[in-house]
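As provided, work_35.csv (CSV, C-alpha atoms and all ligand atoms) reads as follows.
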```
chain,number,residue,atom,x,y,z
A,1,MET,CA,-96.9,29.0,-72.4
A,2,GLU,CA,-96.5,29.6,-68.7
A,3,PRO,CA,-99.4,31.4,-67.0
A,4,ALA,CA,-98.6,35.1,-66.2
A,5,ASN,CA,-98.7,34.4,-62.5
A,6,ALA,CA,-96.4,31.3,-62.6
A,7,PRO,CA,-94.6,31.2,-59.2
A,8,ASN,CA,-90.9,31.5,-58.9
A,9,ILE,CA,-89.8,28.1,-57.8
A,10,ILE,CA,-86.7,28.5,-55.6
A,11,ASP,CA,-84.0,26.0,-56.6
A,12,GLY,CA,-82.4,24.9,-53.3
A,13,ASN,CA,-80.0,22.6,-55.1
A,14,ARG,CA,-78.6,25.5,-57.2
A,15,ILE,CA,-78.2,27.8,-54.2
A,16,ALA,CA,-76.7,25.0,-52.1
A,17,GLU,CA,-74.2,24.2,-54.8
A,18,ALA,CA,-73.1,27.8,-55.0
A,19,ILE,CA,-72.5,27.8,-51.2
A,20,LEU,CA,-70.6,24.5,-51.4
A,21,ASN,CA,-68.4,25.9,-54.2
A,22,GLU,CA,-67.5,28.8,-51.9
A,23,VAL,CA,-66.7,26.3,-49.1
A,24,ARG,CA,-64.7,24.1,-51.5
A,25,GLU,CA,-62.7,27.0,-52.7
A,26,GLU,CA,-61.8,28.2,-49.2
A,27,VAL,CA,-60.9,24.7,-48.0
A,28,ALA,CA,-58.6,24.3,-51.0
A,29,THR,CA,-56.6,27.3,-49.8
A,30,ILE,CA,-56.0,25.7,-46.4
A,31,GLU,CA,-52.5,24.4,-46.0
A,32,GLY,CA,-51.9,21.5,-43.6
A,33,ARG,CA,-54.7,20.1,-41.6
A,34,LYS,CA,-58.1,20.3,-43.3
A,35,PRO,CA,-61.3,21.0,-41.4
A,36,GLY,CA,-62.7,17.8,-39.9
A,37,VAL,CA,-66.2,16.8,-38.7
A,38,VAL,CA,-67.6,13.6,-37.1
A,39,PHE,CA,-71.1,12.3,-37.5
A,40,ILE,CA,-72.5,10.2,-34.8
A,41,ARG,CA,-75.5,8.0,-35.4
A,42,VAL,CA,-77.2,5.9,-32.7
A,43,GLY,CA,-79.3,3.1,-34.0
A,44,GLU,CA,-80.6,2.4,-37.5
A,45,ASP,CA,-83.4,4.9,-38.1
A,46,PRO,CA,-83.7,4.8,-41.9
A,47,ALA,CA,-84.0,8.6,-42.4
A,48,SER,CA,-81.0,9.2,-40.2
A,49,ARG,CA,-79.0,6.7,-42.1
A,50,SER,CA,-79.7,8.5,-45.4
A,51,TYR,CA,-79.1,12.0,-43.9
A,52,VAL,CA,-75.7,11.0,-42.4
A,53,LEU,CA,-74.6,9.3,-45.6
A,54,LYS,CA,-75.5,12.4,-47.6
A,55,LYS,CA,-73.6,14.7,-45.1
A,56,LYS,CA,-70.6,12.5,-45.4
A,57,LYS,CA,-70.6,12.5,-49.2
A,58,VAL,CA,-71.0,16.3,-49.3
A,59,SER,CA,-68.2,16.7,-46.8
A,60,GLN,CA,-65.9,14.7,-49.1
A,61,SER,CA,-67.0,16.7,-52.1
A,62,VAL,CA,-65.8,19.9,-50.5
A,63,GLY,CA,-62.6,18.6,-49.0
A,64,ILE,CA,-63.7,18.5,-45.4
A,65,GLU,CA,-62.5,15.4,-43.5
A,66,SER,CA,-65.4,13.4,-42.1
A,67,GLU,CA,-66.0,10.2,-40.3
A,68,VAL,CA,-69.2,8.4,-39.3
A,69,PHE,CA,-69.5,6.6,-36.0
A,70,VAL,CA,-72.5,4.3,-35.6
A,71,TYR,CA,-73.4,3.1,-32.1
A,72,PRO,CA,-76.0,0.5,-31.2
A,73,LYS,CA,-79.4,1.7,-30.3
A,74,ASN,CA,-78.9,0.4,-26.7
A,75,ILE,CA,-75.7,2.4,-26.1
A,76,THR,CA,-75.9,3.8,-22.6
A,77,ARG,CA,-76.0,7.5,-21.8
A,78,ASP,CA,-72.6,7.2,-20.1
A,79,GLU,CA,-71.0,5.5,-23.1
A,80,LEU,CA,-72.3,8.0,-25.5
A,81,LEU,CA,-71.2,10.9,-23.4
A,82,ALA,CA,-67.8,9.4,-23.1
A,83,ASN,CA,-67.5,9.2,-26.9
A,84,VAL,CA,-68.7,12.8,-27.3
A,85,ASP,CA,-66.1,13.8,-24.7
A,86,ALA,CA,-63.3,12.0,-26.6
A,87,PHE,CA,-64.3,13.9,-29.8
A,88,ASN,CA,-64.4,17.2,-27.8
A,89,LYS,CA,-60.8,16.6,-26.8
A,90,ASN,CA,-59.6,15.4,-30.2
A,91,PRO,CA,-57.7,18.4,-31.8
A,92,SER,CA,-58.3,17.2,-35.4
A,93,VAL,CA,-62.1,17.3,-34.9
A,94,ASP,CA,-63.6,20.7,-35.6
A,95,GLY,CA,-67.3,19.7,-35.7
A,96,ILE,CA,-69.4,17.1,-33.9
A,97,LEU,CA,-72.9,16.2,-35.0
A,98,VAL,CA,-75.1,13.8,-33.2
A,99,GLN,CA,-77.9,12.9,-35.5
A,100,SER,CA,-81.5,13.3,-34.2
A,101,PRO,CA,-83.7,11.5,-33.4
A,102,MET,CA,-81.9,9.4,-30.8
A,103,PRO,CA,-83.4,6.4,-29.1
A,104,GLY,CA,-85.9,7.2,-26.4
A,105,HIS,CA,-83.7,6.3,-23.4
A,106,LEU,CA,-81.3,9.1,-24.3
A,107,ASP,CA,-82.0,12.7,-23.4
A,108,GLU,CA,-81.2,14.6,-26.6
A,109,SER,CA,-80.7,17.9,-25.0
A,110,GLU,CA,-78.3,16.4,-22.5
A,111,ILE,CA,-76.3,15.0,-25.4
A,112,PHE,CA,-76.3,18.2,-27.4
A,113,ASN,CA,-75.2,20.2,-24.4
A,114,ALA,CA,-72.3,17.8,-23.8
A,115,ILE,CA,-70.7,18.8,-27.2
A,116,ASP,CA,-68.0,21.5,-26.9
A,117,PRO,CA,-69.9,24.7,-28.0
A,118,LEU,CA,-67.0,25.5,-30.3
A,119,LYS,CA,-67.5,22.2,-32.1
A,120,ASP,CA,-71.3,22.4,-32.1
A,121,VAL,CA,-71.8,22.7,-35.9
A,122,ASP,CA,-75.5,21.8,-35.5
A,123,GLY,CA,-76.0,24.8,-33.2
A,124,PHE,CA,-78.1,23.0,-30.6
A,125,HIS,CA,-75.9,23.6,-27.5
A,126,ARG,CA,-77.5,26.0,-25.1
A,127,ILE,CA,-74.6,28.4,-25.3
A,128,ASN,CA,-75.1,28.7,-29.0
A,129,SER,CA,-78.9,29.1,-28.5
A,130,GLY,CA,-78.0,32.0,-26.1
A,131,LYS,CA,-75.6,33.5,-28.6
A,132,LEU,CA,-78.3,33.5,-31.3
A,133,PHE,CA,-80.7,35.1,-28.7
A,134,GLN,CA,-78.0,37.8,-28.0
A,135,GLU,CA,-77.3,38.2,-31.7
A,136,ASP,CA,-73.6,37.2,-31.2
A,137,GLU,CA,-72.3,36.3,-34.6
A,138,ASP,CA,-69.6,34.0,-33.1
A,139,GLY,CA,-72.1,31.3,-32.2
A,140,PHE,CA,-73.4,28.5,-34.3
A,141,VAL,CA,-76.9,28.7,-35.7
A,142,PRO,CA,-78.8,25.5,-36.5
A,143,CYS,CA,-78.3,24.6,-40.2
A,144,THR,CA,-81.9,24.4,-41.4
A,145,PRO,CA,-83.0,27.9,-40.1
A,146,LEU,CA,-79.6,29.3,-41.3
A,147,GLY,CA,-80.3,27.7,-44.7
A,148,VAL,CA,-83.8,29.2,-45.0
A,149,VAL,CA,-82.4,32.7,-44.3
A,150,GLU,CA,-79.5,32.2,-46.7
A,151,MET,CA,-82.0,31.0,-49.4
A,152,LEU,CA,-84.2,34.1,-48.9
A,153,LYS,CA,-81.1,36.3,-49.1
A,154,ARG,CA,-79.6,34.7,-52.2
A,155,SER,CA,-83.1,34.8,-53.9
A,156,GLY,CA,-83.3,38.5,-53.1
A,157,ILE,CA,-86.5,38.1,-51.0
A,158,ALA,CA,-86.4,40.9,-48.5
A,159,THR,CA,-87.5,40.1,-44.9
A,160,SER,CA,-87.2,43.6,-43.4
A,161,GLY,CA,-90.6,44.9,-42.4
A,162,LYS,CA,-92.4,41.8,-43.7
A,163,HIS,CA,-94.8,39.6,-41.7
A,164,VAL,CA,-93.3,36.2,-41.4
A,165,VAL,CA,-95.4,33.3,-40.0
A,166,VAL,CA,-93.5,30.3,-38.9
A,167,ILE,CA,-95.6,27.1,-38.3
A,168,GLY,CA,-93.6,25.0,-35.8
A,169,ARG,CA,-91.8,25.8,-32.6
A,170,SER,CA,-89.1,23.2,-32.4
A,171,LEU,CA,-85.6,23.9,-31.2
A,172,ILE,CA,-84.2,22.6,-34.5
A,173,VAL,CA,-86.3,24.7,-36.9
A,174,GLY,CA,-89.1,26.9,-35.7
A,175,LYS,CA,-87.7,28.7,-32.7
A,176,PRO,CA,-84.2,29.6,-34.1
A,177,LEU,CA,-85.8,30.6,-37.4
A,178,ALA,CA,-88.1,33.1,-35.6
A,179,MET,CA,-85.1,34.4,-33.7
A,180,LEU,CA,-83.0,34.9,-36.9
A,181,LEU,CA,-85.8,36.6,-38.8
A,182,SER,CA,-86.6,39.0,-36.0
A,183,ARG,CA,-83.0,40.0,-35.2
A,184,LYS,CA,-81.8,43.5,-36.0
A,185,HIS,CA,-80.1,42.6,-39.3
A,186,GLU,CA,-80.6,43.3,-43.0
A,187,TRP,CA,-81.8,39.7,-43.5
A,188,GLY,CA,-83.9,39.9,-40.3
A,189,ASN,CA,-86.0,42.8,-39.2
A,190,ALA,CA,-89.2,40.9,-39.8
A,191,THR,CA,-92.3,40.9,-37.7
A,192,VAL,CA,-92.5,37.2,-36.8
A,193,THR,CA,-95.4,35.1,-35.6
A,194,ILE,CA,-94.7,31.6,-34.3
A,195,CYS,CA,-97.6,29.2,-34.6
A,196,HIS,CA,-97.8,25.7,-33.2
A,197,SER,CA,-100.2,22.8,-32.5
A,198,ARG,CA,-102.1,24.8,-30.0
A,199,SER,CA,-102.6,27.9,-32.1
A,200,SER,CA,-106.2,28.7,-32.7
A,201,ASP,CA,-107.6,29.6,-36.0
A,202,LEU,CA,-104.3,28.9,-37.7
A,203,ALA,CA,-105.5,29.8,-41.2
A,204,SER,CA,-106.5,33.3,-40.2
A,205,ILE,CA,-102.9,33.9,-39.0
A,206,THR,CA,-101.2,32.2,-41.9
A,207,ARG,CA,-103.3,34.2,-44.4
A,208,THR,CA,-101.6,37.4,-43.1
A,209,ALA,CA,-98.1,36.2,-43.9
A,210,ASP,CA,-96.0,37.8,-46.5
A,211,ILE,CA,-93.6,34.9,-46.0
A,212,LEU,CA,-95.1,31.6,-44.7
A,213,ILE,CA,-92.7,29.0,-43.4
A,214,ALA,CA,-94.0,25.5,-42.7
A,215,ALA,CA,-91.9,23.3,-40.3
A,216,ILE,CA,-94.6,20.9,-39.0
A,217,GLY,CA,-93.9,17.4,-40.1
A,218,ARG,CA,-97.3,16.7,-41.6
A,219,PRO,CA,-97.6,16.0,-45.3
A,220,GLU,CA,-99.4,18.7,-47.4
A,221,PHE,CA,-100.8,20.3,-44.3
A,222,VAL,CA,-100.7,23.9,-45.7
A,223,LYS,CA,-103.6,24.3,-48.2
A,224,ALA,CA,-104.3,27.1,-50.7
A,225,SER,CA,-107.0,28.5,-48.3
A,226,MET,CA,-104.2,29.2,-45.7
A,227,VAL,CA,-102.0,31.3,-48.1
A,228,LYS,CA,-102.3,35.0,-49.0
A,229,PRO,CA,-102.0,35.5,-52.8
A,230,GLY,CA,-98.5,36.7,-53.7
A,231,ALA,CA,-96.9,35.3,-50.6
A,232,THR,CA,-93.6,33.5,-50.4
A,233,VAL,CA,-93.9,30.0,-49.1
A,234,ILE,CA,-90.9,28.1,-47.7
A,235,ASP,CA,-91.6,24.4,-47.0
A,236,VAL,CA,-89.2,22.9,-44.5
A,237,GLY,CA,-91.1,19.6,-44.1
A,238,ILE,CA,-89.7,16.3,-45.3
A,239,ASN,CA,-92.2,13.5,-44.9
A,240,ARG,CA,-92.0,10.0,-46.2
A,241,VAL,CA,-95.4,9.0,-47.6
A,242,ALA,CA,-96.0,5.4,-48.5
A,243,ASP,CA,-96.3,4.9,-52.3
A,244,ALA,CA,-96.2,1.4,-53.7
A,245,GLU,CA,-95.3,2.7,-57.1
A,246,ALA,CA,-92.3,4.7,-56.0
A,247,PRO,CA,-88.9,2.8,-56.3
A,248,LYS,CA,-88.3,2.9,-52.5
A,249,GLY,CA,-91.9,2.3,-51.6
A,250,TYR,CA,-92.3,5.9,-50.4
A,251,ARG,CA,-92.1,9.4,-51.8
A,252,LEU,CA,-90.9,12.6,-50.1
A,253,THR,CA,-93.5,15.2,-49.5
A,254,GLY,CA,-93.3,18.6,-47.9
A,255,ASP,CA,-95.7,20.2,-45.4
A,256,VAL,CA,-97.3,22.3,-48.2
A,257,ALA,CA,-99.8,21.0,-50.7
A,258,PHE,CA,-97.5,22.2,-53.5
A,259,ASP,CA,-99.8,21.7,-56.5
A,260,GLU,CA,-102.6,23.8,-55.1
A,261,VAL,CA,-100.5,26.4,-53.2
A,262,ALA,CA,-97.8,27.1,-55.9
A,263,PRO,CA,-100.1,28.9,-58.4
A,264,LEU,CA,-101.0,31.5,-55.6
A,265,CYS,CA,-97.4,32.3,-54.6
A,266,LYS,CA,-94.8,34.7,-55.7
A,267,HIS,CA,-92.1,32.3,-54.6
A,268,ILE,CA,-92.2,28.7,-53.3
A,269,THR,CA,-89.7,26.0,-52.4
A,270,PRO,CA,-90.2,22.4,-53.7
A,271,VAL,CA,-89.7,19.2,-51.7
A,272,PRO,CA,-87.3,17.6,-52.5
A,273,GLY,CA,-84.8,20.2,-53.8
A,274,GLY,CA,-85.7,23.1,-51.6
A,275,VAL,CA,-84.6,23.6,-48.0
A,276,GLY,CA,-83.1,20.0,-47.7
A,277,PRO,CA,-79.9,20.7,-49.7
A,278,MET,CA,-79.5,24.1,-48.0
A,279,THR,CA,-79.3,22.3,-44.6
A,280,VAL,CA,-76.4,20.2,-45.7
A,281,ALA,CA,-74.6,23.2,-47.3
A,282,MET,CA,-74.9,25.3,-44.1
A,283,LEU,CA,-73.5,22.3,-42.2
A,284,MET,CA,-70.4,22.6,-44.3
A,285,SER,CA,-70.3,26.3,-43.8
A,286,ASN,CA,-70.6,25.9,-40.1
A,287,THR,CA,-67.8,23.3,-40.0
A,288,LEU,CA,-65.5,25.7,-41.9
A,289,LYS,CA,-66.5,28.4,-39.4
A,290,ALA,CA,-65.6,26.1,-36.5
A,291,TYR,CA,-62.2,25.4,-38.1
A,292,ARG,CA,-61.6,29.1,-38.5
A,293,LEU,CA,-62.6,29.9,-34.9
A,294,ARG,CA,-60.5,27.1,-33.5
A,295,SER,CA,-57.5,28.0,-35.7
A,296,ALA,CA,-57.7,31.6,-34.7
A,297,SER,CA,-57.8,30.7,-31.0
A,298,GLU,CA,-54.7,28.5,-31.4
A,299,ILE,CA,-52.6,31.4,-32.6
B,301,LIG,P1,-91.1,18.8,-34.6
B,301,LIG,O1,-92.0,17.6,-34.5
B,301,LIG,O2,-90.0,18.9,-33.5
B,301,LIG,O3,-92.0,20.1,-34.5
B,301,LIG,C1,-93.2,20.2,-35.3
B,301,LIG,C2,-93.9,21.5,-34.9
B,301,LIG,O4,-95.1,21.5,-35.6
B,301,LIG,C3,-94.2,21.6,-33.4
B,301,LIG,O5,-93.7,22.7,-32.9
B,301,LIG,C4,-95.7,21.5,-33.4
B,301,LIG,O6,-96.3,22.5,-32.4
B,301,LIG,C5,-96.1,22.0,-34.8
B,301,LIG,N1,-97.3,21.4,-35.2
B,301,LIG,C6,-97.6,20.1,-35.2
B,301,LIG,N2,-98.9,19.9,-35.6
B,301,LIG,C7,-99.4,21.1,-35.8
B,301,LIG,C8,-100.7,21.6,-36.2
B,301,LIG,N3,-101.7,20.8,-36.5
B,301,LIG,N4,-100.8,23.0,-36.4
B,301,LIG,C9,-99.8,23.8,-36.1
B,301,LIG,N5,-98.6,23.4,-35.7
B,301,LIG,C10,-98.4,22.1,-35.6
B,301,LIG,O7,-90.5,18.8,-36.0
B,301,LIG,P2,-89.2,19.5,-36.6
B,301,LIG,O8,-87.9,18.8,-36.2
B,301,LIG,O9,-89.2,21.0,-36.3
B,301,LIG,O10,-89.4,19.2,-38.1
B,301,LIG,C11,-90.5,19.7,-38.8
B,301,LIG,C12,-90.5,19.2,-40.3
B,301,LIG,O11,-89.3,19.7,-40.9
B,301,LIG,C13,-90.4,17.7,-40.4
B,301,LIG,O12,-91.1,17.3,-41.5
B,301,LIG,C14,-88.9,17.4,-40.6
B,301,LIG,O13,-88.6,16.2,-41.3
B,301,LIG,C15,-88.5,18.6,-41.4
B,301,LIG,N6,-87.1,19.0,-41.3
B,301,LIG,C16,-86.5,19.2,-42.4
B,301,LIG,C17,-85.2,19.6,-42.4
B,301,LIG,C18,-84.5,20.0,-43.7
B,301,LIG,O14,-83.3,19.9,-43.8
B,301,LIG,N7,-85.3,20.4,-44.7
B,301,LIG,C19,-84.5,19.7,-41.2
B,301,LIG,C20,-85.2,19.5,-40.0
B,301,LIG,C21,-86.5,19.1,-40.1
```

Would you write out, as structure tokens, the structure that this file holds?
Amino acid sequence: MEPANAPNIIDGNRIAEAILNEVREEVATIEGRKPGVVFIRVGEDPASRSYVLKKKKVSQSVGIESEVFVYPKNITRDELLANVDAFNKNPSVDGILVQSPMPGHLDESEIFNAIDPLKDVDGFHRINSGKLFQEDEDGFVPCTPLGVVEMLKRSGIATSGKHVVVIGRSLIVGKPLAMLLSRKHEWGNATVTICHSRSSDLASITRTADILIAAIGRPEFVKASMVKPGATVIDVGINRVADAEAPKGYRLTGDVAFDEVAPLCKHITPVPGGVGPMTVAMLMSNTLKAYRLRSASEI
């Protein structure tokens, strides 16, 4: 028998599948040109290869046209920018995603800011960051933070009035997530604290969280002693930990020590099968949004 305080494990695969079904149904109603997205990968980072492959497969499964462009790791800044510009001008491309991380000689923010903001389905362009800051719903919000909020919403976990602690201040996860959760919105309205590598006495802050979100990139960093009993814990981390017995020689681990933290929680997300699939689902949703916005502006 399950213990009375068994946590509710949030099934990211199930929620993502529901979102993908909605996207698939809407795409099926589109007559003529279907939404299209291009994925750009520079170099052969193994995690990036698998992320891009997954994104392409999921695009196909919902009827979104997609193509992967792989450039050598020594591509010059000018060559990459010229390619991005060609996709910006290509009318059959609604979304452009340049997979991070890029090789060190490329300035990621320069590349992200070169993407047409209307095709910026990853939401990293400064115009889209500004729109998020200004609570302008026309902008694109980065897929992982968007996925976290959608997951809370579809799990019925209210954020309004709650204290949310986000560990991590990256532009990809931590900062936009804090912005989303603090906005004046039914699925915002939270009191948000952002913690990072220079926060002092982290545990004393995380223990006050009703909703604790870890986006750190350190395997099993969040221990039971850092979590308030009854909290909701969202684990954004995806870490490859060497494991000779695993088929690929590594296993995926989150930023939360799941086995010791889960018994304390009201809700918790697993890794894998938590936030990861939500990110890809929101990418599809953002691509469809880009298609809609561009189609509306052509009329
Ligand atoms: P990042 O390296 O850009 O940022 C990590 C953040 O963690 C930084 O802001 C840093 O200040 C903070 N941090 C590091 N050490 C800390 C410490 N000791 N105490 C407190 N804060 C600390 O990483 P990112 O791109 O934001 O990604 C974070 C994690 O989320 C990674 O594991 C990444 O793989 C994962 N991720 C998952 C998805 C997904 O789809 N699930 C998407 C993006 C990133």

Next item on the list: Give as an MDAnalysis selection string the residues surrounding ligand LIG 301 (chain B) up to a distance of 9 Å, considering all atoms listed in the file.
Entry: chainID A and resid 47 51 100:101 143:145 147:148 167:175 195:200 202 214:219 221 235:240 253:255 271:272 274:280

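In this model, the gap between CA of Val141 in chain A and CA of Leu118 in chain A comes to 11.7 Å.
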
Notebook entry, point to check: Suppose you want the space between CA of Asn83 in chain A and CA of Pro117 in chain A; what is it in Å?
Noted result: 15.7 Å

Next item on the list: Quick one: pull the distance between CA of Ala209 in chain A and CA of Val165 in chain A, Å, one decimal.
Entry: 5.6 Å

Margin query: List as a VMD selection string the protein and nucleic acid residues near Ile40 in chain A, meaning an atom at most 9 Å away when all atoms listed in the file are counted, but skip any in the same chain fewer than 2 places from it.
Written below: chain A and resid 38 42 52 67 to 71 84 96 to 99

Margin query: I'd like to know which of A:Ile213, A:Met179, A:Ile268, A:Ile205 is closest to Ser225 in chain A, using only C-alpha atoms.
Written below: A:Ile205
